[in-house]
Amino acid sequence: MKNIGNNQAGRESFTTKFGVIAATAGSAVGLGNIWRFPYLTGENGGAAFLVIYLVFVLVIGIPVMLSEFVIGRSARKNPYGAFKKLAPGKPWYLVGLMGVTAAFMILAFYTTVAGWTLEYLYQSVTNGFVNKDGAQLSLMFSEFRSDTWRPLFWFLIFMGMTAGIIVLGVRKGIEKSTVIMMPLLFVILVILGIRSLTLPGSLDGLRFLFKPDFSKIDSSAILDALGQVFFSLSIGMGTLITYASYFPARDRLLSTSFSVALTDTLVAVLAGIVIFPAAFSFHIAPDEGTGLVFVTLPGIFQQMPGGAFFASLFFLLLAVAALTSTISVLEVIVAFFVEELRLRRKMATWIAAGTVSLLGMMCTLSWNSLMEGVSFFGLNTFELLDYTSANILLPIGGFFIALFVAWFFGREKRMAELSNDGSLKAGYIPVYIFIIRFLAPIALAFIFLNGIGLLKM
Ligand code: PFF
């Protein structure tokens with residue numbers, strides 16, 4: 001593998017192109033693709049949702065991602081430090097600060113679900129689903145979720161694994177682990193896809209995923225699709241500003257953004273190909289909501305030949321996908337602590353993981369009698385963090401990130417970053433600029449205000 005790494009004094013960077021893509025696509029590919037995307041698609045009418053999702057990836061997702069790359073690689077700092085450096089004395093650093101706050105919120109609820117995947121991996125390996133019908137599996141899930149120690153235990157294990165990788169640093173931790181985990185994830189997905197497609201009646205599931213029914217689409221489905229694009233691509237909060245700050249100077253930002261978006265979309269669609277044909281084959285409704293992969297799928301697995309094996313593979317897949325994402329979110333906070341508070345990496349990691357865990361434990365206990373009474377606008381702690389971060393903070397972050405690069409960054413600096421100091425042609429730049437100047441911010445503002453009910457279409 002060609003080494004394209006460049007060492008900036010005192011700052012680590014990824015060493016190979018594959019490392020750049022594995023780490024960044026690793027951040028993007030996660031529970032968002034395998035847990036969140038299928039249930040949102042299931043609830044919002046299948047293929048119609050997929051079509052809207054794809055359009056948003058192209059016209060908003062990729063341009064915002066590229067903008068984060070431009071900011072991160074040119075500043076070579078955490079999101080807060082990057083805005084401070086690029087716009088000294090201006091309030092833009094607030095966008096970075098919002099990103100660090102979003103990182104706390106996302107890591108808290110995300111690691112809760114990541115912990116559940118470990119419990120379900122354990123159950124699969126020990127044959128815990130055997131002879132349980134749908135009602136019993138549903139009860140099993142709700143009893144586990146409302147338990148005290150079990151979910152907390154898995155939460156802390158997962159947070160420990162995340163911190164264990166981050167402590168090792170950018171190359172030895174993030175790059176080294178993701179270049180192993182990402183190919184593994186693909187292999188597992190393909191095996192599961194083949195299993196699902198060879199079940200009798202699987203075609204109905206494919207039809208659901210690929211034949212659009214636009215009557216299910218309303219403004220909240222559109223906001224859900226937008227929120228999902230941001231969440232799934234890890235954009236809008238500076239995760240990719242942070243990762244791009246470790247990209248080698250010679251990395252082609254546009255090609256990286258396409259590779260990452262493509263990988264992410266492919267995994268989401270493959271996850272749909274695993275889940276929907278299996279659900280239809282066993283006559284199970286695809287709109288189970290958040291419980292889809294924890295209730296519906298175990299029910300399906302235990303009815304199929306070799307079910308325990310495939311269930312174990314599936315939950316291993318979820319855990320691996322989640323881990324390559326949690327490390328990227330923790331890295332945002334750690335980079336901020338190291339660069340702004342001048343902490344050593346080891347200290348920064350454990351303080352970050354410790355403080356996030358306090359919030360995370362409240363999320364984990366959202367269904368427990370201890371936290372059950374706590375609700376805001378009818379949402380429990382977990383749901384509140386999920387909804388506000390994906391549907392509110394990330395789109396707002398994306399809006400300002402696009403505007404910043406479009407209007408305040410400086411034409412020459414932007415050009416230098418996109419063309420690697422003139423060594424690439426970068427003929428797409430006018431289209432990109434048009435999108436981030438007008439199309440993306442207007443679309444974002446419109447969908448956002450409409451989705452939260454401030455504007456009625
Ligand atoms: N993109 C991740 C997923 O789809 O699971 C989740 C995520 C990671 C969101 C990092 C935001 C982020 F900054």
# chains A, B, ... in the order shown; residues from 1 in each chain; ligands from 1

$ residues_around --residues "range 416-423 of chain A" --least-positions-apart "5" --cutoff "12 Å" --atoms "only C-alpha atoms" --output "VMD selection string"
chain A and resid 66 to 75 244 247 to 257 405 409 to 411 428 to 430 432 to 433

$ residues_near_ligand --ligand "ligand 1" --cutoff "10 Å" --atoms "only C-alpha atoms and all ligand atoms" --output "mmCIF file with N, CA and C atoms, in the first residue's frame"
data_model
loop_
_atom_site.group_PDB
_atom_site.id
_atom_site.type_symbol
_atom_site.label_atom_id
_atom_site.label_comp_id
_atom_site.auth_asym_id
_atom_site.auth_seq_id
_atom_site.Cartn_x
_atom_site.Cartn_y
_atom_site.Cartn_z
ATOM 1 N N THR A 24 -13.006 7.004 7.900
ATOM 2 C CA THR A 24 -14.113 7.937 7.679
ATOM 3 C C THR A 24 -15.405 7.195 7.358
ATOM 4 N N ALA A 25 -15.308 6.186 6.486
ATOM 5 C CA ALA A 25 -16.508 5.389 6.210
ATOM 6 C C ALA A 25 -16.901 4.629 7.479
ATOM 7 N N GLY A 26 -15.907 4.291 8.295
ATOM 8 C CA GLY A 26 -16.204 3.614 9.566
ATOM 9 C C GLY A 26 -17.041 4.504 10.466
ATOM 10 N N SER A 27 -16.748 5.789 10.459
ATOM 11 C CA SER A 27 -17.559 6.722 11.249
ATOM 12 C C SER A 27 -18.974 6.774 10.693
ATOM 13 N N ALA A 28 -19.065 6.839 9.371
ATOM 14 C CA ALA A 28 -20.379 6.975 8.737
ATOM 15 C C ALA A 28 -21.212 5.697 8.891
ATOM 16 N N VAL A 29 -20.594 4.561 8.611
ATOM 17 C CA VAL A 29 -21.330 3.300 8.684
ATOM 18 C C VAL A 29 -21.494 2.893 10.146
ATOM 19 N N GLY A 30 -22.722 2.734 10.563
ATOM 20 C CA GLY A 30 -22.909 2.355 11.965
ATOM 21 C C GLY A 30 -24.333 1.931 12.230
ATOM 22 N N LEU A 31 -24.755 2.107 13.489
ATOM 23 C CA LEU A 31 -26.130 1.759 13.845
ATOM 24 C C LEU A 31 -27.111 2.532 12.975
ATOM 25 N N GLY A 32 -26.681 3.704 12.522
ATOM 26 C CA GLY A 32 -27.523 4.524 11.648
ATOM 27 C C GLY A 32 -27.913 3.766 10.391
ATOM 28 N N ASN A 33 -27.003 2.956 9.870
ATOM 29 C CA ASN A 33 -27.294 2.224 8.641
ATOM 30 C C ASN A 33 -28.077 0.950 8.910
ATOM 31 N N ILE A 34 -27.737 0.265 9.988
ATOM 32 C CA ILE A 34 -28.265 -1.091 10.143
ATOM 33 C C ILE A 34 -29.454 -1.123 11.100
ATOM 34 N N TRP A 35 -29.532 -0.158 11.990
ATOM 35 C CA TRP A 35 -30.649 -0.140 12.949
ATOM 36 C C TRP A 35 -31.629 0.992 12.606
ATOM 37 N N ARG A 36 -31.105 2.209 12.397
ATOM 38 C CA ARG A 36 -31.970 3.364 12.236
ATOM 39 C C ARG A 36 -32.575 3.434 10.823
ATOM 40 N N PHE A 37 -31.733 3.251 9.801
ATOM 41 C CA PHE A 37 -32.222 3.352 8.418
ATOM 42 C C PHE A 37 -33.353 2.351 8.117
ATOM 43 N N GLY A 99 -20.925 21.470 17.961
ATOM 44 C CA GLY A 99 -20.522 20.138 17.518
ATOM 45 C C GLY A 99 -20.030 19.295 18.683
ATOM 46 N N VAL A 100 -19.205 19.897 19.534
ATOM 47 C CA VAL A 100 -18.687 19.138 20.680
ATOM 48 C C VAL A 100 -19.843 18.745 21.605
ATOM 49 N N ALA A 102 -22.972 18.270 20.649
ATOM 50 C CA ALA A 102 -23.708 17.195 19.969
ATOM 51 C C ALA A 102 -22.975 15.868 20.138
ATOM 52 N N ALA A 103 -21.636 15.923 20.155
ATOM 53 C CA ALA A 103 -20.864 14.692 20.327
ATOM 54 C C ALA A 103 -21.191 14.048 21.680
ATOM 55 N N PHE A 104 -21.288 14.848 22.716
ATOM 56 C CA PHE A 104 -21.659 14.312 24.034
ATOM 57 C C PHE A 104 -23.019 13.629 23.968
ATOM 58 N N MET A 105 -23.979 14.314 23.322
ATOM 59 C CA MET A 105 -25.343 13.782 23.297
ATOM 60 C C MET A 105 -25.436 12.501 22.471
ATOM 61 N N ILE A 106 -24.790 12.533 21.300
ATOM 62 C CA ILE A 106 -24.883 11.356 20.432
ATOM 63 C C ILE A 106 -24.191 10.153 21.058
ATOM 64 N N LEU A 107 -23.001 10.411 21.593
ATOM 65 C CA LEU A 107 -22.261 9.280 22.174
ATOM 66 C C LEU A 107 -23.052 8.644 23.307
ATOM 67 N N TYR A 110 -26.097 6.696 21.721
ATOM 68 C CA TYR A 110 -25.602 5.722 20.742
ATOM 69 C C TYR A 110 -24.946 4.523 21.445
ATOM 70 N N ALA A 114 -25.476 0.534 21.357
ATOM 71 C CA ALA A 114 -24.307 -0.310 21.092
ATOM 72 C C ALA A 114 -24.184 -1.378 22.191
ATOM 73 N N GLN A 228 -31.723 11.678 8.850
ATOM 74 C CA GLN A 228 -31.018 10.409 8.657
ATOM 75 C C GLN A 228 -29.768 10.595 7.796
ATOM 76 N N VAL A 229 -29.842 11.455 6.775
ATOM 77 C CA VAL A 229 -28.662 11.703 5.942
ATOM 78 C C VAL A 229 -27.535 12.273 6.815
ATOM 79 N N PHE A 230 -27.870 13.238 7.647
ATOM 80 C CA PHE A 230 -26.855 13.847 8.510
ATOM 81 C C PHE A 230 -26.295 12.837 9.489
ATOM 82 N N PHE A 231 -27.219 12.110 10.119
ATOM 83 C CA PHE A 231 -26.796 11.146 11.124
ATOM 84 C C PHE A 231 -25.942 10.061 10.489
ATOM 85 N N SER A 232 -26.417 9.548 9.357
ATOM 86 C CA SER A 232 -25.745 8.411 8.758
ATOM 87 C C SER A 232 -24.376 8.783 8.194
ATOM 88 N N LEU A 233 -24.274 9.967 7.620
ATOM 89 C CA LEU A 233 -22.978 10.360 7.051
ATOM 90 C C LEU A 233 -22.060 10.985 8.106
ATOM 91 N N SER A 234 -22.516 11.059 9.336
ATOM 92 C CA SER A 234 -21.732 11.690 10.435
ATOM 93 C C SER A 234 -21.413 13.144 10.143
ATOM 94 N N ILE A 235 -22.347 13.858 9.484
ATOM 95 C CA ILE A 235 -22.023 15.259 9.185
ATOM 96 C C ILE A 235 -22.829 16.211 10.056
ATOM 97 N N GLY A 236 -22.338 17.460 10.130
ATOM 98 C CA GLY A 236 -23.073 18.507 10.830
ATOM 99 C C GLY A 236 -22.601 18.777 12.240
ATOM 100 N N MET A 237 -21.649 18.015 12.732
ATOM 101 C CA MET A 237 -21.190 18.280 14.095
ATOM 102 C C MET A 237 -19.678 18.279 14.240
ATOM 103 N N GLY A 238 -18.983 18.208 13.135
ATOM 104 C CA GLY A 238 -17.543 18.335 13.245
ATOM 105 C C GLY A 238 -16.765 17.040 13.412
ATOM 106 N N THR A 239 -17.455 15.901 13.350
ATOM 107 C CA THR A 239 -16.721 14.632 13.391
ATOM 108 C C THR A 239 -15.787 14.571 12.180
ATOM 109 N N LEU A 240 -16.324 14.982 11.040
ATOM 110 C CA LEU A 240 -15.502 14.894 9.839
ATOM 111 C C LEU A 240 -14.516 16.059 9.746
ATOM 112 N N ILE A 241 -14.783 17.151 10.453
ATOM 113 C CA ILE A 241 -13.759 18.199 10.559
ATOM 114 C C ILE A 241 -12.570 17.593 11.307
ATOM 115 N N THR A 242 -12.879 16.895 12.380
ATOM 116 C CA THR A 242 -11.818 16.286 13.190
ATOM 117 C C THR A 242 -11.035 15.241 12.384
ATOM 118 N N ASP A 264 -21.369 4.248 2.578
ATOM 119 C CA ASP A 264 -22.406 4.371 3.599
ATOM 120 C C ASP A 264 -23.779 3.990 3.039
ATOM 121 N N THR A 265 -24.067 4.480 1.833
ATOM 122 C CA THR A 265 -25.368 4.198 1.230
ATOM 123 C C THR A 265 -25.484 2.716 0.880
ATOM 124 N N VAL A 267 -24.058 0.244 2.382
ATOM 125 C CA VAL A 267 -24.292 -0.550 3.593
ATOM 126 C C VAL A 267 -25.739 -0.412 4.066
ATOM 127 N N ALA A 268 -26.306 0.806 3.952
ATOM 128 C CA ALA A 268 -27.703 0.984 4.368
ATOM 129 C C ALA A 268 -28.620 0.132 3.490
ATOM 130 N N LEU A 318 -23.489 -5.569 13.930
ATOM 131 C CA LEU A 318 -23.970 -4.329 14.550
ATOM 132 C C LEU A 318 -22.933 -3.754 15.517
ATOM 133 N N ALA A 321 -19.947 -2.300 13.565
ATOM 134 C CA ALA A 321 -20.336 -1.053 12.906
ATOM 135 C C ALA A 321 -20.445 0.075 13.929
ATOM 136 N N ALA A 322 -21.006 -0.254 15.085
ATOM 137 C CA ALA A 322 -21.177 0.775 16.116
ATOM 138 C C ALA A 322 -19.820 1.253 16.639
ATOM 139 N N LEU A 323 -18.890 0.304 16.804
ATOM 140 C CA LEU A 323 -17.591 0.671 17.387
ATOM 141 C C LEU A 323 -16.792 1.614 16.477
ATOM 142 N N THR A 324 -16.846 1.374 15.158
ATOM 143 C CA THR A 324 -16.092 2.270 14.269
ATOM 144 C C THR A 324 -16.723 3.669 14.257
ATOM 145 N N SER A 325 -17.973 3.781 14.724
ATOM 146 C CA SER A 325 -18.605 5.100 14.817
ATOM 147 C C SER A 325 -18.366 5.749 16.181
ATOM 148 N N THR A 326 -18.505 4.957 17.258
ATOM 149 C CA THR A 326 -18.328 5.581 18.587
ATOM 150 C C THR A 326 -16.911 6.146 18.733
ATOM 151 N N ILE A 327 -15.933 5.465 18.132
ATOM 152 C CA ILE A 327 -14.571 6.017 18.276
ATOM 153 C C ILE A 327 -14.482 7.394 17.615
ATOM 154 N N SER A 328 -15.202 7.580 16.499
ATOM 155 C CA SER A 328 -15.092 8.885 15.825
ATOM 156 C C SER A 328 -15.756 9.991 16.642
ATOM 157 N N VAL A 329 -16.814 9.642 17.356
ATOM 158 C CA VAL A 329 -17.489 10.672 18.155
ATOM 159 C C VAL A 329 -16.643 11.005 19.388
ATOM 160 N N LEU A 330 -16.089 9.956 20.019
ATOM 161 C CA LEU A 330 -15.235 10.224 21.185
ATOM 162 C C LEU A 330 -14.011 11.053 20.781
ATOM 163 N N GLU A 331 -13.503 10.785 19.571
ATOM 164 C CA GLU A 331 -12.317 11.516 19.112
ATOM 165 C C GLU A 331 -12.582 13.029 19.038
ATOM 166 N N VAL A 332 -13.821 13.408 18.692
ATOM 167 C CA VAL A 332 -14.159 14.839 18.630
ATOM 168 C C VAL A 332 -13.915 15.478 20.005
ATOM 169 N N SER A 389 -30.476 15.605 18.578
ATOM 170 C CA SER A 389 -29.179 15.643 17.897
ATOM 171 C C SER A 389 -29.350 15.437 16.400
ATOM 172 N N ALA A 390 -30.077 14.376 15.988
ATOM 173 C CA ALA A 390 -30.159 14.094 14.547
ATOM 174 C C ALA A 390 -31.021 15.116 13.805
ATOM 175 N N LEU A 394 -27.712 18.541 14.157
ATOM 176 C CA LEU A 394 -26.899 18.249 12.969
ATOM 177 C C LEU A 394 -27.314 19.089 11.756
#

$ atom_distance --atom1 "CA of Tyr243 in chain A" --atom2 "CA of Gly173 in chain A"
13.0 Å

$ select_by_dssp --residues "range 62-240 of chain A" --states "helix (DSSP H, G or I)" --output "ChimeraX atom specification"
/A:62-75,79-86,93-125,134-146,149-166,170-197,203-210,214-216,219-233,239-240

$ closest_residue --among "A:Pro200, A:Gly354, A:Pro151, A:Gly373" --to "Leu118 in chain A" --atoms "only C-alpha atoms"
A:Pro151

$ closest_residue --among "A:Leu97, A:Ile351, A:Ala443, A:Val190" --to "Val269 in chain A" --atoms "only C-alpha atoms"
A:Val190

$ residues_around --residues "Val431 in chain A" --least-positions-apart "6" --cutoff "12 Å" --atoms "only C-alpha atoms" --output "PyMOL selection string"
chain A and resi 59+63+406+437-440

$ residues_around --residues "Phe155 in chain A" --least-positions-apart "6" --cutoff "8 Å" --atoms "only C-alpha atoms" --output "ChimeraX atom specification"
/A:111-112,114-116,360-361,364

$ closest_residue --among "A:Ser13, A:Ser177, A:Thr41, A:Ser219" --to "Tyr246 in chain A" --atoms "only C-alpha atoms"
A:Ser13

$ residues_around --residues "Asn391 in chain A" --least-positions-apart "4" --cutoff "12 Å" --atoms "only C-alpha atoms" --output "PyMOL selection string"
chain A and resi 102+106+220-232+235-236+383-387+395-398+444+447-452

$ residues_around --residues "Glu175 in chain A" --least-positions-apart "3" --cutoff "7 Å" --atoms "only C-alpha atoms" --output "number ranges by chain"
A: 14, 19, 23, 170-172, 178-179

$ write_last_selection --atoms "N, CA and C atoms" --output "CSV table (one decimal), in the first residue's frame"
chain,number,residue,atom,x,y,z
A,14,PHE,N,-3.5,10.1,9.2
A,14,PHE,CA,-3.7,8.8,8.7
A,14,PHE,C,-2.6,8.5,7.7
A,19,GLY,N,-6.6,3.8,4.7
A,19,GLY,CA,-6.8,4.2,6.1
A,19,GLY,C,-7.8,5.3,6.2
A,23,ALA,N,-11.4,4.7,8.0
A,23,ALA,CA,-11.7,5.4,9.2
A,23,ALA,C,-13.0,6.3,9.0
A,170,VAL,N,-4.3,8.2,16.8
A,170,VAL,CA,-4.9,8.3,15.4
A,170,VAL,C,-4.5,7.1,14.6
A,171,ARG,N,-3.2,6.8,14.5
A,171,ARG,CA,-2.8,5.7,13.7
A,171,ARG,C,-2.9,4.4,14.3
A,172,LYS,N,-2.4,4.3,15.5
A,172,LYS,CA,-2.4,2.9,16.2
A,172,LYS,C,-3.7,2.5,16.7
A,178,THR,N,-9.8,0.4,12.2
A,178,THR,CA,-10.8,0.4,11.2
A,178,THR,C,-10.4,-0.3,9.9
A,179,VAL,N,-9.1,-0.4,9.6
A,179,VAL,CA,-8.8,-1.1,8.4
A,179,VAL,C,-9.0,-2.6,8.5

$ atom_distance --atom1 "CA of Val55 in chain A" --atom2 "CA of Ala271 in chain A"
19.0 Å

$ closest_residue --among "A:Phe408, A:Ser366, A:Gly272, A:Gly378" --to "Ala87 in chain A" --atoms "only C-alpha atoms"
A:Phe408

$ closest_residue --among "A:Phe208, A:Phe141, A:Asn368, A:Met181" --to "Val293 in chain A" --atoms "only C-alpha atoms"
A:Phe141
